[in-house]
Structures are given as C-alpha cells and as structure tokens.
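Undergrad: One structure, as structure tokens, below. Some questions next.
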Number of protein chains: 2
Amino acid sequence: MDGPTTRAARRTHGDLRIRAARAWTREHGDEAPHLQLLASDRAELGRIAEVIEYRTAGSRVFSYGEAANFLYLLVDGLVASSLSLDNGERQIVAFYWPGDLFGLAEDGHYVNTAEILTPSTVYRFPIRQLERFLIDHPRIQHGFFIKAVHDLRATQRQLLVMGRFDVSRRLAAFLLDCSGHDDYFDQPTRVLALPMTRYDIADYLGTSAESITRAFGLLEGQGLLRRRTAKAVELTEKLKTYVEM
Amino acid sequence: MDGPTTRAARRTHGDLRIRAARAWTREHGDEAPHLQLLASDRAELGRIAEVIEYRTAGSRVFSYGEAANFLYLLVDGLVASSLSLDNGERQIVAFYWPGDLFGLAEDGHYVNTAEILTPSTVYRFPIRQLERFLIDHPRIQHGFFIKAVHDLRATQRQLLVMGRFDVSRRLAAFLLDCSGHDDYFDQPTRVLALPMTRYDIADYLGTSAESITRAFGLLEGQGLLRRRTAKAVELTEKLKTYVEM
DNA sequence: CGCGGAGTTGATGAGCATCAACCCAAGTGG
DNA sequence: CCACTTGGGTTGATGCTCATCAACTCCGCG
C-alpha cells in the first residue's frame, strides 16, 4: 500500500475547524457545532502544522504503543480509533469525522490505533510545539479543552448505549449519530452513506457483523429505514422515536 | 434526608489535588497520579471555591438537565455519575474518587446525575468565575485539560471492557480499577473495601445485580479472589492475568 | 422484634455469538 | 473480455450467556 503524502500547511486555513459543542456556558448564537477560532488563531495554528493525505483505506496513522509525537486534526475523510485484545478482537472506541482531533497518548505513547477508513486529509501538530503553543495562547487552549470535554461527553453517552441497549437500538443510535454529519447524510432524500463496513460497525457497537445485518433487517421490517444498497440507507423520521433516552 | 453543609474553603488547600496521568509528554519523576499544582496555584483556586459536605448516601449533588452553575472537585468520599433512560434503567458512566473533577455540562445544563455513595466532601467552583480564572491562568487550565484527556482515556478503556468482556471479566477489570485507590485497598492484606452496592456495580458494568453475584462466585471458584464479607474482597495476584488486554 | 433493603440462589427463556454456507460486487490477470 | 479471486454481505442452524422473575437469607436498624 502506498504511503501518505506530506506537504506544508497551506496559506489559508479555512479548513482548520474544531468540531465541538460548548462545555458549560451557552453564548449567543452558539448553535454552531464548531468552535469559533479567530482567523489569526487559525493562521498561527496552521503555522506549526503539516498537511498529510492518506489515500488507502486500511492504512494506519499510528499504532498502539508507538511514541506519540503528533496530535492530529482530521480535515476530510473518516478515521477509526481502536483498541485490540491479545486474541485479536478489536473494539473501535471512536470514529473521527472532519473537525475531530485524535492522537490520545499516555506517558508519551499512543493508547490506541488510528486507522484510515476512507481517503483522508489531516493536519498534524508536533506535540511538544503544540503544548508550548497552547500555554502561550490560553484562548486556543480553552478551545482544545472544550473539545476534550465534548469528546468525553460523547464517549459517556456511548457507554450508556453499550450498557443498556440491545443491538437494534445500538444500531439505530449509531445511524442517528452518523446522520449528523452532512458530508454523509443527504438531508432532502434522507439517505445516509455509510463509509464503513459491517465489521467496523460491529466492532464499534460491541457485537458481530452478522448481528448488524440482522439488526438492519429488523429496523427495516419495522419501517424505520430502507436499505438502498449495503452502504446507502434511507432513514425515516420515526427512527428517532425508536431510540428513547 | 438532611442537606449538605456549606462553608468557605479553608486556608490550607493541601487537599486540593487533581488526579490524572499526563496526557502526552512524560516528565522526570512524573509517576505520581496527581497533577502538580504549585502551592500558590492551589491557594488561588481555593479562593474561588466553597467546601461542601454531604452526609447521606443517596443524596444528589445535581441532576440531569439542571442549570449547571458549578464544577465540583471531590476531596473525600465516593460519587457516581449516571444517565437514566425513560424506563428507569440507569447507567453509571463513572465513579468519582478523591481528586476527580465532575459536573460535565452542555449548553449550560448538566448532562448526567451525580449521586453521593458515601459521605463526601467536595470543593465547588462557580463555572463562570472558573472559566475566567482558567483563561487568566494557562498553566492551571492546562492541568484541567490534562485531567479531561485522562478521563477520556479511562472512558474509552471502559468502552472496550463493555464491548468485548463477559460479565466475569468486566467485574475483574472493575475490581482491579478499584484496587488502585489506596483509601479502599489495603496493600498488605490485599483486601478491597467496596463502597458501592451490587446494584451500583451492575449499573456501571451494564448487567444485573444477580449476574454480579454470580460473577463473584465464578472468580472465587477459580481462586482469583475471596469474599470476606459482601463488601470486603481479598484479591489475589492472579486476578490481573485473568484480564488480558 | 419486626421491618426493609441488600445479597444470594434457582429456574426459565430470550437474545445473540458462532459456525457454516452462500451470494454478490469489485478487482485482477490472462 | 471473461474466468477467477477476494472480501464484504446475507441467511440459516445451534448452543451459550445472561436477563428476568421468584423465593429466600442475611444484616442493620428503629
């Protein structure tokens, strides 16, 4: 498989956006799912970043245990972050969509593996430089802090899904999450494009690919969705009511 | 049930400690599970905090959906953070031990319910004041950021446990987590004091209280632990090997 | 002493993992 | 251009894990 291509970050950093809802306070007109970074902030951040493009699905941005020298911002594409057991079983702990940060580490080593699911573009920031930079730019650091809190909330929510939902409900909740990403969900037709395989979904929802297929069948049987192709699903409004929380 | 008692934060803030491993970089002598805050930092933080004591188990620090005006730091005791479904099922998404921060919110409202499990002492910080304070004190904000990342890692790990482990393994992993807290684990005798009920453990591990009891039985049958009383368990060294990751 | 909640044990059935077989679409190479 | 390959997707059969309901014990407490 061919490796990624690297180049210096572009002049304009309009694509440097961090996806996150506000942590505690609500501010006027704060509905946007993206943090507001000033143009000057973006430019400064862009200065310490490199742009990398990954072409091939299946390639890895980094692997568990590697020395962690970079933090990544996904600009375009889809990335999965996973943990694996000795027996080879894999648990995907997060899908990263455009605007997401990834590259969690502990004591200088990555604590999970980041895998490319579709051709992707990322910014990568040298950790040490970034840490210094954040100390010097409290407002930007605050944005990163809010992002971390946002991800923490989302992961806790997923814990509820895993702990209390059967497979059909988990799938329904997952599809609704996906439908929040306009790159993959066409509002007018309500058709969701699924960039990942059944196996990926299963490894995310703590079940098997067969069970995912059967859950699709169940939801379809109840008129909550319609499979156009294996990777394109039309969602109905009723789907929301199926996931009671 | 009697309410909590409030008083101004004390002069000395030696108990203001934030529990977290470093996010990315490892620094010399950085083994301690607590962030290093300067004495002056602690004093400044303490100035905007109030100390609250909760006597009665079962009382709530805050409930889902309430206006979020405070962030909490647990000094002593044990607190559970949970989400509930319409049907009353409860999922505990985290136990908070001394040194943990809690009070996640979104758009100004708490996104889970914090419940007192044992008599507890907390610091509480007015959110708005704290946010201003953190912007003005980048190093302390950095500590909070690291704490958030630490919690995110821990929650992702729990997601692996929930997605890939059977009940016995989940319980074993949970007991090992608990044994990391010296307040409740006596190193010499290897006896762990469990401050929570079977129901709490079940609601954390996404199972039922009966299954927890049976899992205890299975682990005991394999010589991995010994139940002294319902709330005191002697762990063996072998327990670690049972949870292969 | 009697009450109530936690803990335990047993019986039963449902949901799902697993294994196996098969279909289908996209590539690949002759 | 078409056979062949490969991996994802689907469907069916079977057994196991665990949720659930019920009964009972144990313990602390007024």
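Ordered as shown in the structure tokens, chains take letters A, B, and onward, while each chain numbers its residues from 1 and ligands are numbered from 1 in the order shown.
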According to DSSP computed on the backbone, where in segment 27-178 of chain B is there helix (DSSP H, G or I)? Give the residues as an MDAnalysis selection string.
TA: chainID B and resid 39:47 127:136 138:164 167:178
Undergrad: Check every residue of chain B for an atom within 12 Å of chain C, counting only C-alpha atoms (C1' of nucleotides), and provide those that qualify as a list of chain:residue names.
TA: B:Arg164, B:Asp166, B:Met196, B:Thr197, B:Arg198, B:Tyr199, B:Asp200, B:Ala209, B:Glu210, B:Ser211, B:Ile212, B:Thr213, B:Arg214, B:Ala215, B:Phe216, B:Gly217, B:Thr229, B:Ala230, B:Lys231
Undergrad: With C-alpha atoms kept, could you save the residues just selected as a compact mmCIF listing (two decimals), in the first residue's frame?
TA:
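To be explicit, this is the file written out as selection08.txt:
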```txt
# COMPACT_ATOMS: atom_id res chain seq x y z
CA ARG B 164 -15.61 -7.19 24.48
CA ASP B 166 -18.15 -11.09 29.55
CA MET B 196 -20.90 0.60 46.48
CA THR B 197 -23.74 -1.94 46.25
CA ARG B 198 -24.12 -4.82 43.78
CA TYR B 199 -26.72 -2.71 42.02
CA ASP B 200 -24.27 0.14 41.56
CA ALA B 209 -27.03 -7.37 40.35
CA GLU B 210 -27.68 -11.12 40.17
CA SER B 211 -25.06 -11.51 37.47
CA ILE B 212 -22.57 -9.60 39.62
CA THR B 213 -23.15 -12.02 42.47
CA ARG B 214 -22.68 -14.97 40.14
CA ALA B 215 -19.53 -13.44 38.67
CA PHE B 216 -18.11 -13.08 42.17
CA GLY B 217 -18.89 -16.74 42.65
CA THR B 229 -17.97 -10.15 53.56
CA ALA B 230 -20.25 -8.82 50.82
CA LYS B 231 -18.33 -5.54 50.88
```
Undergrad: Of the candidates B:Gly163, B:Leu175, B:Leu235, B:Val61, which one gets nearest to Ile201 of chain A if we count only C-alpha atoms?
TA: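 When distances to Ile201 of chain A are compared using only C-alpha atoms, the smallest one comes from B:Gly163.
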Undergrad: What's the 12 Å shell around segment 183-186 of chain A, counting only C-alpha atoms (C1' of nucleotides), without same-chain residues fewer than 3 positions away, as a PDB file with N, CA and C atoms, in the first residue's frame?
TA:
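Once written, around.pdb looks like this:
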```pdb
ATOM      1  N   VAL A  75      -9.241  16.757   8.668  1.00  0.00           N
ATOM      2  CA  VAL A  75      -9.852  17.788   7.829  1.00  0.00           C
ATOM      3  C   VAL A  75     -10.923  17.166   6.950  1.00  0.00           C
ATOM      4  N   ASP A  76     -10.596  16.014   6.398  1.00  0.00           N
ATOM      5  CA  ASP A  76     -11.517  15.382   5.462  1.00  0.00           C
ATOM      6  C   ASP A  76     -11.300  13.879   5.472  1.00  0.00           C
ATOM      7  N   GLY A  77     -12.382  13.118   5.389  1.00  0.00           N
ATOM      8  CA  GLY A  77     -12.279  11.664   5.393  1.00  0.00           C
ATOM      9  C   GLY A  77     -12.879  11.079   6.652  1.00  0.00           C
ATOM     10  N   LEU A  78     -12.511   9.837   6.917  1.00  0.00           N
ATOM     11  CA  LEU A  78     -13.032   9.158   8.107  1.00  0.00           C
ATOM     12  C   LEU A  78     -11.956   8.251   8.692  1.00  0.00           C
ATOM     13  N   TRP A  97     -14.637  12.214  12.521  1.00  0.00           N
ATOM     14  CA  TRP A  97     -15.200  12.900  11.362  1.00  0.00           C
ATOM     15  C   TRP A  97     -14.461  14.222  11.161  1.00  0.00           C
ATOM     16  N   PRO A  98     -14.616  14.857  10.024  1.00  0.00           N
ATOM     17  CA  PRO A  98     -13.926  16.132   9.801  1.00  0.00           C
ATOM     18  C   PRO A  98     -14.151  17.103  10.970  1.00  0.00           C
ATOM     19  N   GLY A  99     -13.065  17.685  11.437  1.00  0.00           N
ATOM     20  CA  GLY A  99     -13.144  18.609  12.554  1.00  0.00           C
ATOM     21  C   GLY A  99     -12.770  17.975  13.883  1.00  0.00           C
ATOM     22  N   LEU A 175     -26.757   5.123  13.705  1.00  0.00           N
ATOM     23  CA  LEU A 175     -27.167   5.723  12.439  1.00  0.00           C
ATOM     24  C   LEU A 175     -27.585   7.183  12.639  1.00  0.00           C
ATOM     25  N   LEU A 176     -28.252   7.450  13.744  1.00  0.00           N
ATOM     26  CA  LEU A 176     -28.641   8.833  14.023  1.00  0.00           C
ATOM     27  C   LEU A 176     -27.409   9.708  14.252  1.00  0.00           C
ATOM     28  N   ASP A 177     -26.414   9.156  14.948  1.00  0.00           N
ATOM     29  CA  ASP A 177     -25.161   9.894  15.102  1.00  0.00           C
ATOM     30  C   ASP A 177     -24.568  10.223  13.736  1.00  0.00           C
ATOM     31  N   CYS A 178     -24.516   9.213  12.891  1.00  0.00           N
ATOM     32  CA  CYS A 178     -23.950   9.417  11.549  1.00  0.00           C
ATOM     33  C   CYS A 178     -24.717  10.485  10.780  1.00  0.00           C
ATOM     34  N   SER A 179     -26.029  10.493  10.953  1.00  0.00           N
ATOM     35  CA  SER A 179     -26.855  11.426  10.171  1.00  0.00           C
ATOM     36  C   SER A 179     -26.597  12.879  10.560  1.00  0.00           C
ATOM     37  N   GLY A 180     -25.830  13.083  11.623  1.00  0.00           N
ATOM     38  CA  GLY A 180     -25.483  14.446  11.998  1.00  0.00           C
ATOM     39  C   GLY A 180     -24.335  15.012  11.176  1.00  0.00           C
ATOM     40  N   THR A 189     -33.136  13.811   0.646  1.00  0.00           N
ATOM     41  CA  THR A 189     -33.586  12.431   0.419  1.00  0.00           C
ATOM     42  C   THR A 189     -33.517  11.596   1.681  1.00  0.00           C
ATOM     43  N   ARG A 190     -32.859  12.125   2.715  1.00  0.00           N
ATOM     44  CA  ARG A 190     -32.652  11.386   3.982  1.00  0.00           C
ATOM     45  C   ARG A 190     -31.867  10.097   3.765  1.00  0.00           C
ATOM     46  N   VAL A 191     -30.989  10.115   2.767  1.00  0.00           N
ATOM     47  CA  VAL A 191     -30.155   8.939   2.530  1.00  0.00           C
ATOM     48  C   VAL A 191     -28.799   9.119   3.188  1.00  0.00           C
ATOM     49  N   LEU A 192     -28.438   8.137   3.996  1.00  0.00           N
ATOM     50  CA  LEU A 192     -27.159   8.148   4.691  1.00  0.00           C
ATOM     51  C   LEU A 192     -26.174   7.249   3.966  1.00  0.00           C
ATOM     52  N   ALA A 193     -25.000   7.789   3.645  1.00  0.00           N
ATOM     53  CA  ALA A 193     -23.932   6.981   3.057  1.00  0.00           C
ATOM     54  C   ALA A 193     -23.057   6.456   4.179  1.00  0.00           C
ATOM     55  N   LEU A 194     -22.911   5.152   4.221  1.00  0.00           N
ATOM     56  CA  LEU A 194     -22.105   4.537   5.277  1.00  0.00           C
ATOM     57  C   LEU A 194     -20.699   4.276   4.764  1.00  0.00           C
ATOM     58  N   PRO A 195     -19.709   5.005   5.270  1.00  0.00           N
ATOM     59  CA  PRO A 195     -18.357   4.841   4.762  1.00  0.00           C
ATOM     60  C   PRO A 195     -17.651   3.619   5.328  1.00  0.00           C
ATOM     61  N   MET A 196     -18.238   2.979   6.327  1.00  0.00           N
ATOM     62  CA  MET A 196     -17.530   1.869   6.982  1.00  0.00           C
ATOM     63  C   MET A 196     -18.247   0.542   6.732  1.00  0.00           C
ATOM     64  N   LYS A 231     -24.418   0.041   1.465  1.00  0.00           N
ATOM     65  CA  LYS A 231     -23.762   1.211   2.046  1.00  0.00           C
ATOM     66  C   LYS A 231     -24.566   2.497   1.922  1.00  0.00           C
ATOM     67  N   ALA A 232     -25.834   2.381   1.551  1.00  0.00           N
ATOM     68  CA  ALA A 232     -26.681   3.569   1.478  1.00  0.00           C
ATOM     69  C   ALA A 232     -28.033   3.240   2.096  1.00  0.00           C
ATOM     70  N   VAL A 233     -28.389   3.955   3.151  1.00  0.00           N
ATOM     71  CA  VAL A 233     -29.601   3.666   3.898  1.00  0.00           C
ATOM     72  C   VAL A 233     -30.466   4.910   3.975  1.00  0.00           C
ATOM     73  N   GLU A 234     -31.749   4.725   3.702  1.00  0.00           N
ATOM     74  CA  GLU A 234     -32.687   5.847   3.815  1.00  0.00           C
ATOM     75  C   GLU A 234     -33.325   5.785   5.203  1.00  0.00           C
ATOM     76  N   LEU A 235     -33.146   6.838   5.983  1.00  0.00           N
ATOM     77  CA  LEU A 235     -33.666   6.860   7.353  1.00  0.00           C
ATOM     78  C   LEU A 235     -35.030   7.553   7.380  1.00  0.00           C
TER      79      LEU A 235
END
```
Undergrad: Compute the set of chain A residues within 8 Å of chain B, using only C-alpha atoms, and express it as a ChimeraX atom specification.
TA: /A:21-26,68,83-86,89,91-93,104-109,111,127-128,135-139,141-142,144-145,148-149,151-153,155-156,158-160,162-164,204-207,244-245
Undergrad: Rank B:Glu220, B:Leu101, B:Gln187, B:Val167 by their smallest atom-to-atom distance to chain D, using only C-alpha atoms (C1' of nucleotides), and report the top residue only.
TA: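 That would be B:Val167, the residue with the smallest distance to chain D.
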